[in-house]
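With mmCIF, C-alpha atoms and all ligand atoms inside, this is structure_12.cif:
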```
data_start
#
loop_
_atom_site.label_atom_id
_atom_site.label_comp_id
_atom_site.auth_asym_id
_atom_site.auth_seq_id
_atom_site.Cartn_x
_atom_site.Cartn_y
_atom_site.Cartn_z
CA MET A 1 65.30 73.27 87.99
CA ALA A 2 63.06 71.40 90.41
CA GLU A 3 59.34 71.92 90.02
CA PHE A 4 58.00 74.44 92.55
CA ALA A 5 55.49 72.24 94.36
CA ALA A 6 57.77 69.20 94.32
CA TYR A 7 60.58 70.61 96.42
CA GLU A 8 60.34 69.31 99.96
CA GLY A 9 63.65 70.61 101.21
CA ARG A 10 65.57 67.30 101.12
CA GLY A 11 62.88 65.83 103.36
CA PRO A 12 63.94 62.16 103.43
CA GLU A 13 67.63 62.90 104.01
CA ARG A 14 66.83 65.42 106.74
CA ALA A 15 64.45 62.95 108.38
CA GLY A 16 67.37 60.52 108.69
CA VAL A 17 69.60 63.12 110.35
CA GLU A 18 66.73 64.15 112.62
CA GLU A 19 66.11 60.56 113.72
CA GLY A 20 69.73 60.10 114.75
CA LEU A 21 69.70 63.38 116.65
CA LEU A 22 66.41 62.57 118.37
CA ASN A 23 67.77 59.37 119.91
CA GLY A 24 70.83 61.14 121.26
CA VAL A 25 68.87 64.10 122.63
CA GLN A 26 66.35 61.82 124.33
CA LYS A 27 69.11 59.83 126.01
CA PHE A 28 70.78 62.99 127.22
CA LEU A 29 67.53 64.47 128.59
CA ASP A 30 66.77 61.20 130.43
CA GLY A 31 70.16 61.35 132.13
CA GLN A 32 69.76 65.03 132.91
CA LEU A 33 66.39 64.45 134.56
CA ARG A 34 67.97 61.72 136.72
CA ARG A 35 70.74 64.11 137.79
CA ILE A 36 68.22 66.82 138.65
CA ARG A 37 66.19 64.36 140.67
CA ALA A 38 69.27 63.22 142.58
CA ALA A 39 70.40 66.81 143.26
CA VAL A 40 66.95 67.84 144.50
CA ALA A 41 66.69 64.68 146.64
CA SER A 42 69.99 65.61 148.28
CA GLY A 43 68.55 68.98 149.27
CA ARG A 44 69.46 71.25 146.35
CA THR A 45 65.83 72.23 145.79
CA ARG A 46 66.58 75.51 144.03
CA ILE A 47 68.31 73.67 141.23
CA GLY A 48 67.17 76.21 138.63
CA GLU A 49 69.30 78.84 140.40
CA ASP A 50 72.35 76.60 140.72
CA ASP A 51 74.94 78.07 138.31
CA ALA A 52 77.51 75.34 139.01
CA PHE A 53 75.02 72.58 138.26
CA TRP A 54 74.08 74.07 134.88
CA ALA A 55 77.67 74.84 133.93
CA GLU A 56 78.41 71.16 134.55
CA GLU A 57 75.33 70.13 132.54
CA GLU A 58 76.44 72.22 129.60
CA THR A 59 79.88 70.61 129.77
CA LEU A 60 78.30 67.14 129.82
CA PHE A 61 76.07 68.00 126.87
CA ARG A 62 79.06 69.30 124.96
CA ALA A 63 81.22 66.27 125.77
CA SER A 64 78.60 63.74 124.73
CA PHE A 65 77.19 65.66 121.81
CA LEU A 66 79.62 67.97 120.09
CA ASP A 67 81.00 65.38 117.67
CA ARG A 68 77.63 63.87 116.91
CA LEU A 69 76.02 67.25 116.28
CA LEU A 70 78.92 68.39 114.18
CA LYS A 71 78.62 65.25 112.07
CA ALA A 72 74.87 65.86 111.63
CA VAL A 73 75.39 69.49 110.62
CA MET A 74 78.18 68.52 108.19
CA GLU A 75 75.83 65.97 106.60
CA LEU A 76 73.28 68.73 106.08
CA ILE A 77 75.92 71.03 104.65
CA GLU A 78 76.92 68.38 102.13
CA LEU A 79 73.31 68.17 100.95
CA VAL A 80 73.10 71.94 100.70
CA ILE A 81 76.33 72.26 98.75
CA SER A 82 75.46 69.48 96.33
CA ASP A 83 72.05 71.10 95.72
CA ALA A 84 73.72 74.45 95.14
CA GLN A 85 76.22 72.87 92.76
CA GLU A 86 73.38 71.37 90.77
CA GLN A 87 71.43 74.64 90.68
CA VAL A 88 74.20 77.14 90.10
CA GLY A 89 76.73 74.96 88.33
CA GLY A 90 80.49 75.24 88.00
CA GLY A 91 82.78 78.19 88.38
CA ALA A 92 82.26 78.69 92.12
CA ASP A 93 84.92 78.09 94.75
CA TRP A 94 83.41 74.90 96.22
CA ALA A 95 86.45 74.00 98.33
CA GLY A 96 86.32 77.46 99.94
CA THR A 97 82.57 77.12 100.48
CA ASN A 98 83.10 73.79 102.19
CA ALA A 99 85.82 75.14 104.45
CA GLU A 100 83.74 78.16 105.41
CA ALA A 101 80.73 75.96 106.14
CA ALA A 102 82.82 73.67 108.36
CA ALA A 103 84.07 76.66 110.37
CA TRP A 104 80.52 77.95 110.69
CA ALA A 105 79.25 74.53 111.81
CA ARG A 106 81.60 74.52 114.80
CA GLY A 107 80.35 77.88 116.08
CA TYR A 108 76.77 76.96 115.35
CA VAL A 109 76.92 73.68 117.26
CA GLY A 110 78.47 75.44 120.26
CA GLU A 111 75.60 77.95 120.29
CA LEU A 112 73.03 75.20 119.91
CA ILE A 113 74.32 73.40 123.00
CA THR A 114 74.19 76.62 125.01
CA ARG A 115 70.72 77.51 123.72
CA VAL A 116 69.17 74.11 124.49
CA THR A 117 70.75 74.09 127.97
CA GLU A 118 69.42 77.59 128.70
CA THR A 119 65.91 76.66 127.59
CA THR A 120 66.01 73.57 129.81
CA ARG A 121 67.30 75.58 132.75
CA ALA A 122 64.62 78.28 132.37
CA ALA A 123 61.90 75.62 132.29
CA VAL A 124 63.37 73.87 135.36
CA ARG A 125 63.66 77.17 137.24
CA GLU A 126 59.99 78.04 136.64
CA THR A 127 58.73 74.55 137.30
CA THR A 128 60.64 74.10 140.56
CA ALA A 129 59.55 77.52 141.84
CA ALA A 130 55.90 76.54 141.32
CA TRP A 131 56.58 73.09 142.81
CA ILE A 132 58.11 74.56 145.99
CA GLU A 133 55.00 76.74 146.45
CA THR A 134 52.73 73.73 146.19
CA GLY A 135 54.49 71.65 148.86
CA ALA A 136 57.72 70.30 147.38
CA LYS A 137 57.26 66.52 147.13
CA LEU A 138 59.83 64.84 144.89
CA PRO A 139 57.48 62.61 142.81
CA ASP A 140 55.44 65.72 141.98
CA LEU A 141 58.54 67.46 140.69
CA VAL A 142 59.43 64.60 138.36
CA LYS A 143 55.86 64.69 137.05
CA VAL A 144 55.83 68.43 136.35
CA LEU A 145 59.28 68.27 134.73
CA LYS A 146 58.07 65.66 132.23
CA PRO A 147 57.24 68.13 129.41
CA THR A 148 60.79 69.49 129.54
CA PHE A 149 62.44 66.06 129.42
CA GLY A 150 59.89 63.95 127.56
CA GLU A 151 59.80 62.59 124.03
CA ARG A 152 57.82 65.52 122.66
CA ARG A 153 60.54 68.02 123.66
CA ALA A 154 63.29 65.79 122.25
CA GLN A 155 61.36 65.59 118.98
CA LEU A 156 60.90 69.36 118.89
CA ILE A 157 64.61 69.97 119.49
CA ALA A 158 65.67 67.51 116.80
CA ALA A 159 63.20 68.82 114.20
CA THR A 160 63.82 72.50 114.91
CA GLU A 161 67.60 72.24 115.02
CA VAL A 162 67.90 70.17 111.85
CA THR A 163 65.73 72.77 110.12
CA ARG A 164 67.80 75.62 111.50
CA ALA A 165 71.14 74.06 110.54
CA PHE A 166 69.86 73.18 107.07
CA ASP A 167 68.48 76.63 106.34
CA GLU A 168 71.42 78.51 107.85
CA ALA A 169 73.69 76.39 105.66
CA ASN A 170 71.47 77.17 102.68
CA ASP A 171 71.73 80.88 103.31
CA LEU A 172 75.47 80.81 103.92
CA THR A 173 76.12 78.85 100.74
CA ARG A 174 73.89 81.09 98.65
CA GLN A 175 75.64 84.22 99.87
CA ARG A 176 79.01 82.69 99.18
CA LEU A 177 77.82 82.11 95.59
CA GLY A 178 76.68 85.71 95.26
CA LEU A 179 72.96 84.87 95.47
CA PRO A 180 70.64 87.03 97.58
CA ARG A 181 70.41 86.60 101.33
CA ALA A 182 67.20 85.34 102.97
CA LEU A 183 65.53 87.92 105.21
CA LYS A 184 63.35 85.20 106.75
CA LYS A 185 64.77 81.75 107.43
CA ALA A 186 63.40 78.48 108.77
CA PRO A 187 62.48 77.41 111.42
CA ALA A 188 59.51 79.77 111.70
CA HIS A 189 58.43 78.13 114.97
CA PRO A 190 59.47 75.14 117.11
CA GLY A 191 58.99 71.94 115.15
CA CYS A 192 59.04 73.72 111.77
CA ARG A 193 60.56 71.70 108.89
CA CYS A 194 60.32 74.32 106.14
CA ALA A 195 63.26 75.58 104.07
CA THR A 196 64.27 78.39 101.75
CA ARG A 197 65.61 77.83 98.27
CA ALA A 198 67.07 79.92 95.45
CA VAL A 199 64.96 80.25 92.32
CA LEU A 200 66.03 81.74 88.99
CA LEU A 201 63.39 84.07 87.54
CA PRO A 202 62.75 84.12 83.79
CA ASN A 203 64.50 87.50 83.58
CA GLY A 204 67.75 86.05 84.96
CA GLU A 205 67.41 87.39 88.51
CA TRP A 206 67.80 85.08 91.51
CA VAL A 207 65.36 85.23 94.40
CA VAL A 208 65.04 83.15 97.56
CA VAL A 209 61.68 81.44 98.08
CA TRP A 210 60.11 79.87 101.16
CA TYR A 211 59.03 76.25 100.79
CA THR A 212 56.62 74.97 103.39
CA VAL A 213 56.74 71.21 103.88
CA ARG A 214 53.49 69.34 103.50
CA GLY A 215 53.04 68.74 107.23
CA ASP A 216 53.38 72.46 107.96
CA ARG A 217 50.72 73.58 105.45
CA VAL A 218 48.19 73.46 108.27
CA CYS A 219 50.35 75.76 110.42
CA LYS A 220 48.42 79.02 110.86
CA GLN A 221 50.05 80.49 113.95
CA PRO A 222 50.76 84.21 113.44
CA LEU A 223 54.38 84.77 112.37
CA SER A 224 56.26 87.99 111.84
CA THR A 225 58.18 88.67 108.65
CA PRO A 226 59.98 91.81 107.43
CA TRP A 227 56.83 92.36 105.31
CA GLY A 228 54.33 92.10 108.13
CA ARG A 229 52.39 89.34 109.89
CA VAL A 230 51.38 86.17 108.10
CA ASN A 231 49.19 83.26 109.13
CA GLY A 232 51.74 80.54 109.66
CA CYS A 233 53.93 78.50 107.36
CA ARG A 234 50.84 77.94 105.24
CA ASP A 235 51.00 81.58 104.09
CA LEU A 236 54.77 81.56 103.70
CA HIS A 237 54.70 78.82 101.09
CA GLY A 238 55.81 80.24 97.75
CA MET A 239 56.68 83.65 99.20
CA ILE A 240 59.85 85.43 98.08
CA VAL A 241 61.96 86.09 101.19
CA SER A 242 64.97 87.88 99.68
CA GLU A 243 65.09 91.67 99.46
CA LYS A 244 63.92 92.33 95.92
CA TYR A 245 60.26 91.26 95.48
CA GLY A 246 60.31 90.29 99.20
CA GLY A 247 56.91 89.37 100.63
CA ARG A 248 55.39 88.70 97.18
CA ARG A 249 54.31 85.36 95.69
CA LEU A 250 56.82 83.69 93.39
CA SER A 251 54.05 82.81 90.90
CA GLU A 252 52.98 86.44 90.64
CA VAL A 253 56.52 87.81 90.23
CA ARG A 254 57.38 85.07 87.73
CA ALA A 255 54.38 86.03 85.60
CA GLU A 256 55.24 89.72 85.89
CA VAL A 257 58.89 89.46 84.83
CA GLY A 258 58.33 86.53 82.44
CA ARG A 259 57.06 88.42 79.44
ZN ZN B 301 57.31 75.70 108.89
#
```

Would you kindly transcribe this structure into structure tokens?
Amino acid sequence: MAEFAAYEGRGPERAGVEEGLLNGVQKFLDGQLRRIRAAVASGRTRIGEDDAFWAEEETLFRASFLDRLLKAVMELIELVISDAQEQVGGGADWAGTNAEAAAWARGYVGELITRVTETTRAAVRETTAAWIETGAKLPDLVKVLKPTFGERRAQLIAATEVTRAFDEANDLTRQRLGLPRALKKAPAHPGCRCATRAVLLPNGEWVVVWYTVRGDRVCKQPLSTPWGRVNGCRDLHGMIVSEKYGGRRLSEVRAEVGR
């Protein structure tokens, strides 16, 4: 089994998937900002309230992104399944696991597209309302919309969604194999790259453990867990997040059941 501190949640492979996603998301957001600008310039100033506009945007996002996202999620699932195969070994129904994961990926990607579009719309609605109050000049609007459509947001979406897909796939695969379910999954916050992983205790019981990636060890923002508040991903590192022993440190439980 992989050494505790060494596991970085398939970091390099995930970084590759994230990079591909980032480029696509950034391109889409650039185009979306241009369409918003054009709509507002033609007099549709309350663009945040415009249901037809956002329905069309979601359709465009889906058309340009569904296949690419699905491919990215399936790449993550392959990593997850091969890790699980290595950890748990033979005997499981891997073909069934694969088929179930593929079905899940479709639903997940659909939700992701809706979720990202809704977040964008909410930000645009708030920003344009404030912009109208302050005088409604078009260059000002483009400036205040920048955080919603800029590189930083694209990076956050790519990082967060790769983490979410990876950890959801982890959890789904583990449950399929009869391992415990995670009661807290990554991402813990936007931009989080942590992951959960099954660990076999010396007494033969499986638990799921949170692994905080190196970059997130400085993260101290208060997070809620089923076992109370913790100070960021830093505190989650090495915590058992499945039901039995949940909220306790792996090292402590390992020593306790190790004998
Ligand atoms: Zn994290």

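Look at Ile240 in chain A: the protein and nucleic acid residues within 6 Å of it, using all atoms listed in the file and passing over chain neighbours fewer than 3 places away, are Val208, Val209, Gly246, Gly247, Arg248 and Leu250 of chain A.
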
Just want the residues within 10 Å of ligand ZN 301 (chain B), written as a PyMOL selection string, counting all atoms listed in the file.
chain A and resi 160+163+185-195+210-220+232-237

Using C-alpha atoms, can you export the residues from the last selection as an mmCIF file, in the frame of the given file?
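The resulting again_25.cif:
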```
data_model
loop_
_atom_site.group_PDB
_atom_site.id
_atom_site.type_symbol
_atom_site.label_atom_id
_atom_site.label_comp_id
_atom_site.auth_asym_id
_atom_site.auth_seq_id
_atom_site.Cartn_x
_atom_site.Cartn_y
_atom_site.Cartn_z
ATOM 1 C CA THR A 160 63.820 72.500 114.910
ATOM 2 C CA THR A 163 65.730 72.770 110.120
ATOM 3 C CA LYS A 185 64.770 81.750 107.430
ATOM 4 C CA ALA A 186 63.400 78.480 108.770
ATOM 5 C CA PRO A 187 62.480 77.410 111.420
ATOM 6 C CA ALA A 188 59.510 79.770 111.700
ATOM 7 C CA HIS A 189 58.430 78.130 114.970
ATOM 8 C CA PRO A 190 59.470 75.140 117.110
ATOM 9 C CA GLY A 191 58.990 71.940 115.150
ATOM 10 C CA CYS A 192 59.040 73.720 111.770
ATOM 11 C CA ARG A 193 60.560 71.700 108.890
ATOM 12 C CA CYS A 194 60.320 74.320 106.140
ATOM 13 C CA ALA A 195 63.260 75.580 104.070
ATOM 14 C CA TRP A 210 60.110 79.870 101.160
ATOM 15 C CA TYR A 211 59.030 76.250 100.790
ATOM 16 C CA THR A 212 56.620 74.970 103.390
ATOM 17 C CA VAL A 213 56.740 71.210 103.880
ATOM 18 C CA ARG A 214 53.490 69.340 103.500
ATOM 19 C CA GLY A 215 53.040 68.740 107.230
ATOM 20 C CA ASP A 216 53.380 72.460 107.960
ATOM 21 C CA ARG A 217 50.720 73.580 105.450
ATOM 22 C CA VAL A 218 48.190 73.460 108.270
ATOM 23 C CA CYS A 219 50.350 75.760 110.420
ATOM 24 C CA LYS A 220 48.420 79.020 110.860
ATOM 25 C CA GLY A 232 51.740 80.540 109.660
ATOM 26 C CA CYS A 233 53.930 78.500 107.360
ATOM 27 C CA ARG A 234 50.840 77.940 105.240
ATOM 28 C CA ASP A 235 51.000 81.580 104.090
ATOM 29 C CA LEU A 236 54.770 81.560 103.700
ATOM 30 C CA HIS A 237 54.700 78.820 101.090
#
```

For each of A:Lys137, A:Arg181, A:Arg153, A:Arg68, take the minimum atom-to-atom distance to Ala105 in chain A, counting all atoms listed in the file, then give the residue where this is smallest.
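Ranked by minimum distance to Ala105 in chain A, first place goes to A:Arg68.
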
So that I can see what lies close to Ile36 in chain A, please list as a list in words the residues with an atom at most 9 Å from it, counting only C-alpha atoms and leaving out residues fewer than 6 positions away in the same chain.
Arg44, Ile47 and Phe53 of chain A

Selected residue of minimal separation from Gly43 in chain A among A:Val257, A:Leu60, A:Ala159, A:Ala136, counting all atoms listed in the file:
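Under the stated criterion, the closest residue is A:Ala136.
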
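By only C-alpha atoms, and with residues fewer than 5 positions from Val109 in chain A along its chain excluded, the set lying at most 12 Å from it is Phe61, Arg62, Phe65, Leu66, Asp67, Arg68, Leu69, Leu70, Lys71, Ala72, Val73, Met74, Ala101, Ala102, Ala103, Trp104, Thr114, Arg115, Val116, Glu161, Val162, Arg164, Ala165 and Glu168 of chain A.
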
I'd like the contact shell of range 31-33 of chain A - 10 Å cut-off, only C-alpha atoms, skipping same-chain residues fewer than 4 positions apart - returned as a PyMOL selection string.
chain A and resi 25-27+37-39+57+60-61+120+124+142+145-146+148-150

If you count all atoms listed in the file, the residue of A:Ile113, A:Met239, A:Leu183, A:Leu156 closest to Ala63 in chain A turns out to be A:Ile113

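By all atoms listed in the file, and with residues fewer than 5 positions from range 78-90 of chain A along its chain excluded, the set lying at most 8 Å from it is Met1, Arg10, Asn98, Phe166, Ala169, Asn170, Thr173 and Arg174 of chain A.
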
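Take CA of Leu141 in chain A and CA of Glu118 in chain A: the distance between them is 19.1 Å.
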
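Comparing A:Leu112, A:Ala123, A:Ala198, A:Val241 by their smallest distance to Thr225 in chain A, the closest is A:Val241 (using all atoms listed in the file).
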